[in-house]
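What follows is start-v9.tsv (TSV, C-alpha atoms).
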chain	number	residue	atom	x	y	z
O	1	MET	CA	117.72	56.95	83.23
O	2	GLU	CA	117.51	60.57	82.07
O	3	ASP	CA	115.20	62.92	83.98
O	4	LYS	CA	112.40	64.28	81.85
O	5	LYS	CA	112.48	68.07	82.12
O	6	THR	CA	109.67	70.33	81.07
O	7	ASP	CA	109.52	74.08	81.02
O	8	THR	CA	107.11	75.43	83.58
O	9	LYS	CA	104.96	78.11	82.04
O	10	VAL	CA	102.95	80.58	84.04
O	11	ASP	CA	100.37	83.15	83.05
O	12	ARG	CA	100.93	86.89	83.38
O	13	TYR	CA	99.85	86.79	87.05
O	14	GLY	CA	102.17	83.94	88.04
O	15	PHE	CA	99.68	81.05	87.96
O	16	LEU	CA	100.44	77.63	86.55
O	17	PRO	CA	98.11	76.50	83.76
O	18	GLU	CA	95.70	73.65	84.46
O	19	ASN	CA	97.68	71.23	82.28
O	20	GLN	CA	101.39	71.72	81.62
O	21	GLU	CA	101.78	68.80	79.21
O	22	LYS	CA	100.11	68.34	75.82
O	23	GLY	CA	100.25	65.44	73.39
O	24	CYS	CA	102.43	65.51	70.27
O	25	ASP	CA	99.36	65.27	68.01
O	26	ASN	CA	98.45	68.79	69.04
O	27	GLU	CA	101.89	70.28	68.40
O	28	ILE	CA	100.98	72.23	65.24
O	29	THR	CA	97.78	73.54	66.80
O	30	GLU	CA	99.70	74.51	69.92
O	31	ILE	CA	102.27	76.46	67.87
O	32	GLU	CA	99.50	78.38	66.08
O	33	GLU	CA	97.79	79.10	69.38
O	34	GLU	CA	101.07	80.36	70.85
O	35	LYS	CA	101.55	82.70	67.86
O	36	ASN	CA	98.08	84.12	68.38
O	37	ASP	CA	98.70	84.40	72.12
O	38	VAL	CA	101.93	86.33	71.48
O	39	LYS	CA	100.13	88.77	69.17
O	40	LYS	CA	97.40	89.32	71.74
O	41	GLU	CA	99.93	89.76	74.52
O	42	LEU	CA	101.96	92.30	72.56
O	43	ALA	CA	98.79	94.28	71.83
O	44	ARG	CA	97.85	94.13	75.52
O	45	ILE	CA	101.32	95.30	76.59
O	46	ARG	CA	101.24	98.26	74.19
O	47	LYS	CA	97.83	99.25	75.48
O	48	GLU	CA	98.87	98.85	79.11
O	49	ASN	CA	102.05	100.88	78.60
O	50	ALA	CA	100.00	103.76	77.22
O	51	ARG	CA	97.64	103.53	80.19
O	52	MET	CA	100.56	103.38	82.61
O	53	GLU	CA	101.77	106.79	81.48
O	54	LYS	CA	98.35	108.24	82.30
O	55	TRP	CA	98.39	106.60	85.73
O	56	LYS	CA	101.92	107.80	86.46
O	57	ALA	CA	100.74	111.34	85.72
O	58	MET	CA	97.90	110.87	88.21
O	59	ILE	CA	100.27	109.48	90.84
O	60	SER	CA	102.47	112.56	90.55
O	61	ASP	CA	99.43	114.73	91.30
O	62	TRP	CA	97.56	112.28	93.54
O	63	SER	CA	96.06	114.85	95.91
O	64	SER	CA	94.05	116.27	93.04
O	65	TYR	CA	92.33	112.92	92.58
O	66	ALA	CA	92.32	111.35	96.04
O	67	ASN	CA	90.69	114.17	98.00
O	68	LYS	CA	87.55	114.46	95.91
O	69	THR	CA	85.32	112.36	93.69
O	70	SER	CA	87.20	112.20	90.40
O	71	ALA	CA	85.30	110.98	87.35
O	72	LYS	CA	88.60	110.43	85.57
O	73	LEU	CA	90.00	108.29	88.40
O	74	LYS	CA	86.78	106.28	88.64
O	75	ARG	CA	86.68	105.70	84.87
O	76	ARG	CA	90.31	104.60	84.69
O	77	THR	CA	90.00	102.39	87.78
O	78	ARG	CA	87.00	100.61	86.35
O	79	LYS	CA	89.00	99.84	83.21
O	80	GLY	CA	91.62	98.23	85.45
O	81	VAL	CA	94.73	99.54	87.18
O	82	PRO	CA	97.87	98.70	85.13
O	83	ASP	CA	99.27	95.56	86.72
O	84	PRO	CA	102.84	96.85	87.31
O	85	LEU	CA	101.36	99.75	89.32
O	86	ARG	CA	98.75	97.78	91.29
O	87	GLY	CA	100.80	97.42	94.47
O	88	THR	CA	101.44	101.15	94.61
O	89	ILE	CA	97.91	102.22	93.66
O	90	TRP	CA	96.20	99.79	96.02
O	91	GLN	CA	98.18	101.19	98.93
O	92	MET	CA	97.30	104.72	97.87
O	93	PHE	CA	93.60	103.84	97.62
O	94	ALA	CA	93.67	102.25	101.08
O	95	ASN	CA	95.89	104.93	102.67
O	96	SER	CA	97.78	102.05	104.25
O	97	LYS	CA	101.00	104.04	104.51
O	98	ASP	CA	99.21	106.66	106.60
O	99	ILE	CA	97.69	104.44	109.30
O	100	PRO	CA	98.44	106.19	112.64
O	101	GLU	CA	99.67	102.91	114.18
O	102	ARG	CA	102.19	102.39	111.36
O	103	LYS	CA	105.56	103.07	112.90
O	104	PRO	CA	109.00	101.73	112.02
O	105	GLY	CA	109.70	98.34	113.55
O	106	VAL	CA	106.12	97.45	114.57
O	107	TYR	CA	105.77	94.65	112.03
O	108	GLU	CA	109.22	93.24	112.79
O	109	GLN	CA	108.48	93.21	116.53
O	110	LEU	CA	105.23	91.35	116.01
O	111	MET	CA	106.85	88.86	113.66
O	112	ALA	CA	109.60	88.16	116.19
O	113	GLN	CA	107.18	87.14	118.95
O	114	THR	CA	107.31	83.42	119.69
O	115	ASP	CA	104.01	83.09	121.56
O	116	ALA	CA	101.46	83.17	118.71
O	117	PRO	CA	98.25	81.26	119.60
O	118	PHE	CA	97.07	80.97	115.98
O	119	GLU	CA	100.39	79.95	114.42
O	120	ALA	CA	99.57	76.23	114.14
O	121	GLU	CA	96.16	76.96	112.58
O	122	ILE	CA	97.70	79.43	110.12
O	123	THR	CA	100.39	76.92	109.16
O	124	ARG	CA	97.76	74.26	108.41
O	125	ASP	CA	95.82	76.63	106.14
O	126	ILE	CA	98.71	78.12	104.17
O	127	ALA	CA	98.97	75.29	101.63
O	128	ARG	CA	95.37	76.01	100.55
O	129	THR	CA	96.15	79.61	99.60
O	130	PHE	CA	96.66	80.08	95.85
O	131	PRO	CA	98.36	76.66	95.54
O	132	LYS	CA	98.80	77.10	91.77
O	133	HIS	CA	100.65	80.41	92.09
O	134	VAL	CA	104.43	80.19	91.76
O	135	LEU	CA	104.87	82.30	94.88
O	136	PHE	CA	102.94	79.90	97.12
O	137	LYS	CA	103.14	76.46	95.47
O	138	GLU	CA	106.36	75.37	97.20
O	139	LYS	CA	105.88	73.95	100.68
O	140	TYR	CA	107.87	76.04	103.19
O	141	GLY	CA	109.02	78.22	100.29
O	142	LEU	CA	109.53	81.98	100.48
O	143	GLY	CA	105.92	82.77	99.59
O	144	GLN	CA	104.45	80.47	102.21
O	145	LYS	CA	106.89	81.82	104.80
O	146	SER	CA	105.91	85.41	103.95
O	147	LEU	CA	102.23	84.52	104.22
O	148	LEU	CA	102.81	82.88	107.61
O	149	ASN	CA	104.71	85.95	108.80
O	150	VAL	CA	101.99	88.39	107.75
O	151	LEU	CA	99.10	86.38	109.18
O	152	LYS	CA	100.94	85.57	112.41
O	153	ALA	CA	101.89	89.23	112.91
O	154	PHE	CA	98.33	90.37	112.25
O	155	SER	CA	96.87	87.82	114.68
O	156	LEU	CA	99.07	89.38	117.37
O	157	TYR	CA	98.36	92.94	116.24
O	158	ASP	CA	94.55	92.72	116.39
O	159	HIS	CA	93.42	90.45	119.23
O	160	ASP	CA	89.72	91.06	118.49
O	161	ILE	CA	90.14	89.36	115.12
O	162	GLY	CA	93.14	87.11	115.60
O	163	TYR	CA	92.99	84.75	112.66
O	164	CYS	CA	90.15	83.28	110.61
O	165	GLN	CA	90.07	81.16	107.46
O	166	GLY	CA	89.75	83.34	104.39
O	167	MET	CA	92.24	85.94	105.61
O	168	GLY	CA	94.99	83.98	103.90
O	169	PHE	CA	93.59	84.71	100.45
O	170	ILE	CA	93.48	88.43	101.16
O	171	ALA	CA	97.00	88.50	102.60
O	172	GLY	CA	98.21	86.26	99.76
O	173	LEU	CA	96.68	88.56	97.17
O	174	MET	CA	98.49	91.52	98.71
O	175	LEU	CA	101.79	89.60	98.73
O	176	THR	CA	101.58	89.07	94.97
O	177	TYR	CA	101.89	92.86	94.59
O	178	MET	CA	103.96	94.06	97.55
O	179	GLY	CA	106.38	93.06	100.32
O	180	GLU	CA	105.51	91.66	103.73
O	181	ASP	CA	105.49	94.93	105.66
O	182	ASP	CA	103.23	96.66	103.12
O	183	ALA	CA	100.93	93.60	102.90
O	184	PHE	CA	100.57	93.58	106.69
O	185	TRP	CA	99.53	97.22	106.83
O	186	MET	CA	97.16	96.73	103.89
O	187	LEU	CA	95.50	93.99	105.92
O	188	ALA	CA	95.25	96.36	108.88
O	189	SER	CA	93.73	99.08	106.68
O	190	LEU	CA	91.21	96.68	105.15
O	191	MET	CA	89.99	95.55	108.56
O	192	LYS	CA	89.69	99.08	109.89
O	193	ASN	CA	88.67	101.20	106.89
O	194	TYR	CA	86.75	98.74	104.72
O	195	LYS	CA	84.61	97.07	107.43
O	196	MET	CA	86.32	93.75	106.78
O	197	ALA	CA	86.88	93.12	110.49
O	198	GLY	CA	83.17	92.28	110.66
O	199	TYR	CA	83.73	89.32	108.33
O	200	PHE	CA	86.38	87.77	110.57
O	201	LYS	CA	85.32	88.45	114.14
O	202	VAL	CA	83.83	85.51	116.02
O	203	GLU	CA	80.15	86.07	115.11
O	204	MET	CA	80.91	87.52	111.65
O	205	PRO	CA	78.40	90.38	112.00
O	206	GLU	CA	79.20	91.94	108.64
O	207	LEU	CA	78.63	88.65	106.82
O	208	GLY	CA	75.09	88.40	108.17
O	209	LYS	CA	74.41	91.95	107.09
O	210	SER	CA	75.86	91.24	103.63
O	211	PHE	CA	73.58	88.22	103.23
O	212	TYR	CA	70.59	90.37	104.18
O	213	LYS	CA	71.51	92.97	101.56
O	214	HIS	CA	72.21	90.22	99.03
O	215	VAL	CA	68.79	88.56	99.43
O	216	THR	CA	66.98	91.91	99.54
O	217	LEU	CA	68.60	92.96	96.26
O	218	LEU	CA	67.97	89.56	94.69
O	219	LYS	CA	64.25	89.86	95.54
O	220	GLN	CA	64.14	93.44	94.24
O	221	LEU	CA	66.12	92.97	91.02
O	222	TYR	CA	65.34	89.39	89.99
O	223	PRO	CA	62.01	88.38	91.60
O	224	LYS	CA	61.56	85.25	89.45
O	225	LEU	CA	64.97	83.91	90.46
O	226	HIS	CA	64.28	84.85	94.08
O	227	GLU	CA	61.05	82.80	94.02
O	228	HIS	CA	62.88	79.91	92.35
O	229	PHE	CA	65.53	79.93	95.10
O	230	VAL	CA	62.77	80.07	97.73
O	231	LYS	CA	61.08	77.06	96.13
O	232	HIS	CA	64.31	75.04	96.18
O	233	ASN	CA	65.48	76.36	99.56
O	234	ILE	CA	68.66	77.96	98.17
O	235	LEU	CA	70.10	80.18	100.92
O	236	ALA	CA	72.67	82.94	100.31
O	237	SER	CA	74.99	81.34	102.87
O	238	MET	CA	75.14	78.20	100.71
O	239	TYR	CA	76.89	79.90	97.81
O	240	ALA	CA	77.91	83.49	98.61
O	241	SER	CA	79.90	83.23	101.87
O	242	GLN	CA	83.32	83.20	100.23
O	243	TRP	CA	82.28	85.88	97.74
O	244	TYR	CA	81.99	88.39	100.57
O	245	ILE	CA	84.58	87.05	103.02
O	246	THR	CA	87.41	86.99	100.47
O	247	VAL	CA	86.11	89.71	98.12
O	248	PHE	CA	85.88	87.14	95.32
O	249	SER	CA	89.54	86.15	95.62
O	250	LEU	CA	88.79	82.45	96.19
O	251	ASN	CA	88.58	80.35	92.98
O	252	PHE	CA	87.63	83.22	90.65
O	253	ARG	CA	89.88	83.86	87.67
O	254	PHE	CA	92.67	86.16	88.76
O	255	ASP	CA	92.06	88.76	86.06
O	256	ALA	CA	88.55	89.14	87.50
O	257	VAL	CA	89.83	89.14	91.10
O	258	VAL	CA	92.22	92.05	90.61
O	259	ARG	CA	89.68	94.08	88.63
O	260	ILE	CA	87.13	93.67	91.44
O	261	TRP	CA	89.75	94.64	94.00
O	262	ASP	CA	90.70	97.75	91.99
O	263	VAL	CA	87.14	99.01	92.34
O	264	PHE	CA	86.63	97.75	95.89
O	265	LEU	CA	89.67	99.66	97.16
O	266	ALA	CA	88.77	102.80	95.21
O	267	GLU	CA	85.00	102.91	95.75
O	268	GLY	CA	84.14	100.66	98.68
O	269	ASP	CA	81.89	97.65	99.16
O	270	LYS	CA	79.13	98.57	96.68
O	271	ILE	CA	81.05	96.62	94.03
O	272	LEU	CA	80.65	93.42	96.07
O	273	PHE	CA	76.89	93.55	95.72
O	274	ARG	CA	77.06	94.65	92.10
O	275	VAL	CA	79.27	91.68	91.24
O	276	SER	CA	77.04	89.28	93.20
O	277	MET	CA	73.96	90.54	91.39
O	278	ALA	CA	75.82	90.43	88.05
O	279	ILE	CA	76.59	86.74	88.57
O	280	LEU	CA	72.93	86.02	89.30
O	281	LYS	CA	71.90	88.04	86.26
O	282	LEU	CA	74.32	86.24	83.95
O	283	TYR	CA	73.04	82.82	85.05
O	284	HIS	CA	69.44	83.90	85.70
O	285	ASP	CA	67.75	81.94	82.91
O	286	GLU	CA	69.93	78.88	83.39
O	287	PHE	CA	69.21	78.75	87.11
O	288	LEU	CA	65.46	78.88	86.45
O	289	THR	CA	65.68	75.51	84.68
O	290	MET	CA	67.57	73.82	87.53
O	291	SER	CA	66.74	72.03	90.76
O	292	PHE	CA	68.71	72.25	94.04
O	293	ASP	CA	71.57	69.86	93.21
O	294	LYS	CA	72.26	71.34	89.77
O	295	ILE	CA	72.11	74.90	91.10
O	296	MET	CA	74.67	74.15	93.79
O	297	LYS	CA	76.90	72.34	91.30
O	298	LYS	CA	76.69	75.32	88.96
O	299	PHE	CA	77.65	77.75	91.71
O	300	LYS	CA	80.86	75.74	92.21
O	301	ALA	CA	81.67	75.96	88.49
O	302	ILE	CA	80.88	79.65	88.03
O	303	PRO	CA	84.16	81.20	89.33
O	304	SER	CA	86.30	79.51	86.68
O	305	GLU	CA	83.81	80.23	83.88
O	306	LEU	CA	83.38	83.97	84.22
O	307	ASP	CA	85.17	86.33	81.86
O	308	ALA	CA	86.45	89.37	83.76
O	309	GLU	CA	85.44	91.95	81.17
O	310	ARG	CA	81.92	90.59	80.81
O	311	LEU	CA	81.45	90.21	84.57
O	312	LEU	CA	82.52	93.79	85.31
O	313	GLN	CA	80.51	95.16	82.40
O	314	VAL	CA	77.33	93.59	83.76
O	315	ALA	CA	78.23	94.56	87.35
O	316	PHE	CA	78.53	98.25	86.45
O	317	SER	CA	75.12	98.06	84.75
O	318	VAL	CA	73.42	96.89	87.96
O	319	LYS	CA	71.30	99.76	89.25
O	320	LEU	CA	72.46	100.21	92.84
O	321	THR	CA	73.16	103.31	94.91
O	322	ARG	CA	74.88	103.86	98.23
O	323	LYS	CA	71.60	105.33	99.46
O	324	ARG	CA	69.81	102.04	98.74
O	325	LEU	CA	72.49	100.04	100.56
O	326	ALA	CA	72.21	102.41	103.52
O	327	GLU	CA	68.44	101.88	103.59
O	328	ILE	CA	68.88	98.11	103.71
O	329	ASP	CA	71.52	98.50	106.44
O	330	LYS	CA	69.05	100.53	108.50
O	331	GLU	CA	66.32	97.94	107.99
O	332	TYR	CA	68.71	95.20	109.10
O	333	ASP	CA	69.66	97.12	112.25
O	334	GLU	CA	66.14	98.25	113.20
O	335	ASN	CA	63.44	96.04	111.70
O	336	ARG	CA	64.61	92.91	109.91
O	337	ASP	CA	62.26	91.21	107.47
O	338	SER	CA	61.80	87.64	108.74
O	339	GLU	CA	61.26	86.28	105.20
O	340	ILE	CA	64.55	87.78	104.05
O	341	MET	CA	66.34	86.48	107.14
O	342	ALA	CA	65.06	82.97	106.43
O	343	LEU	CA	66.90	83.01	103.10
O	344	CYS	CA	70.22	84.24	104.45
Reformat the file's structure so that it appears as structure tokens.
Amino acid sequence: MEDKKTDTKVDRYGFLPENQEKGCDNEITEIEEEKNDVKKELARIRKENARMEKWKAMISDWSSYANKTSAKLKRRTRKGVPDPLRGTIWQMFANSKDIPERKPGVYEQLMAQTDAPFEAEITRDIARTFPKHVLFKEKYGLGQKSLLNVLKAFSLYDHDIGYCQGMGFIAGLMLTYMGEDDAFWMLASLMKNYKMAGYFKVEMPELGKSFYKHVTLLKQLYPKLHEHFVKHNILASMYASQWYITVFSLNFRFDAVVRIWDVFLAEGDKILFRVSMAILKLYHDEFLTMSFDKIMKKFKAIPSELDAERLLQVAFSVKLTRKRLAEIDKEYDENRDSEIMALC
């Protein structure tokens, strides 16, 4: 009996489509769709190549943009970093190559250690990390081995954090754009310079603070939806935990994920709250017609529904300043509102 062989197609980010096989009845339609897809892809490539030249010029004079607030850098980042340059630019945004602890051989020494308390837990979780990406889909393949190496090394590097579920998606995201050593130091920079350690330490202090800001902003920006969630006892922790812990890298469409990460690495965590509020704004009217069960079901469906361009467009329209976030932080630290806390 002859083996049936099918070509495995992946999208531009390396993900397998939801359904590889289509019926013969749809063959003509599929051919037409492929022609249209090719035209769109060629147009996208031409546009991205032109943008790449602008980014390469900025890279060659990076100090002029990195050491001060650059409107040009912010504008171009918000449009999306060209994908072939993402690994390089992300490391430049995060200054991961300049971490004082980064010395030759450190990563290799950590990886070589045999006594790693979290290794079994990491190994169990690895198969759940981007299982539809070609890099990670093969059990014990190169991608899964690289992910194990990075997470194991980091658990030994930072004993205060060790390992926590959710870190795999961040490390995995980095590995789609860079090698193990660079991904490891990106993880170190994220924990230290982007306050992400607070999402993974035992009591997750930063997550509680993020929920408080989330609910405060929801009440301020969308009072009707806030009251509706109060009525149906919808807590932020029921739907937004993974948004903040993984910076939207879990289940969201990858084109949206990388665009959010572009801005997060360039501008900081304000984008997390803008995106959260944008999601609530986009589904505001729909949520108001729903009861508890339907709301929770909808939250599960949202990540795969959202168009990246539309999501970011609405997110950037959300009126939010660093000053306002700092005010909410201060309130959380000094005089927490019990009503807000009850909805976290």
- Message: To one decimal place in Å, what is the distance between CA of Tyr177 (chain O) and CA of Asp11 (chain O)?
- Response: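 Between CA of Tyr177 (chain O) and CA of Asp11 (chain O) the gap is 15.2 Å.
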- Distance of CA of Asp337 (chain O) from CA of Leu325 (chain O), expressed in Å to one decimal place: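 Between these atoms lies a distance of 15.2 Å.
The closest residue to Ile99 (chain O), picked from O:Asp333, O:Asp285, O:Glu327, O:Asp182 and counting all atoms listed in the file, is O:Asp182.
With CA of Asp98 (chain O) on one side and CA of Lys56 (chain O) on the other, the separation reads 20.4 Å.
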- Compile the contact shell of Gly162 (chain O) as an MDAnalysis selection string: residues with an atom at most 9 Å away, counting all atoms listed in the file, same-chain residues fewer than 2 positions apart removed. chainID O and resid 117:118 151:152 154:160 164 200:201
Counting only C-alpha atoms, give me one row per residue of region 48-127 of chain O with an atom at most 10 Å from an atom of region 301-324 of chain O, showing the shortest contact pair and its distance in Å to one decimal, sorted by chain then residue number, as a tab-separated table.
residue	atom	partner	partner_atom	distance
O:Arg78	CA	O:Leu312	CA	8.2
O:Lys79	CA	O:Glu309	CA	8.9
O:Gly80	CA	O:Glu309	CA	9.8
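Between Ala50 (chain O) and the candidates O:Pro82, O:Lys300, O:Ala240, O:Gln113, the tightest atom-to-atom separation, counting only C-alpha atoms, involves O:Pro82.
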- Pick out the closest residue to Ile328 (chain O) from this set: O:Ile59, O:Ile340, O:Leu250, O:Leu225. Count all atoms listed in the file.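 The closest residue to Ile328 (chain O) is O:Ile340.
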Per residue of region 231-298 of chain O within 12 Å of region 122-130 of chain O, what are the shortest atom pair and its distance in Å to one decimal, counting all atoms listed in the file, with rows by chain and residue number, as JSON lines?
{"residue": "O:Thr246", "atom": "CA", "partner": "O:Thr129", "partner_atom": "CA", "distance": 11.5}
{"residue": "O:Ser249", "atom": "CA", "partner": "O:Phe130", "partner_atom": "CA", "distance": 9.4}
{"residue": "O:Leu250", "atom": "CA", "partner": "O:Phe130", "partner_atom": "CA", "distance": 8.2}
{"residue": "O:Asn251", "atom": "CA", "partner": "O:Phe130", "partner_atom": "CA", "distance": 8.6}
{"residue": "O:Phe252", "atom": "CA", "partner": "O:Phe130", "partner_atom": "CA", "distance": 10.9}
{"residue": "O:Arg253", "atom": "CA", "partner": "O:Phe130", "partner_atom": "CA", "distance": 11.3}
{"residue": "O:Phe254", "atom": "CA", "partner": "O:Phe130", "partner_atom": "CA", "distance": 10.2}
- Distance criterion (all atoms listed in the file): nearest to Ser338 (chain O) out of O:Ile245, O:Val215, O:Ile89, O:Leu280: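 Distance minimum relative to Ser338 (chain O) lands on O:Val215.
Using all atoms listed in the file, the contacts of Glu180 (chain O) at a cut-off of 9 Å, with sequence neighbours closer than 3 positions omitted, comprise Tyr107, Ser146, Leu147, Asn149, Val150, Met174, Leu175, Ala183, Phe184 and Trp185 of chain O.
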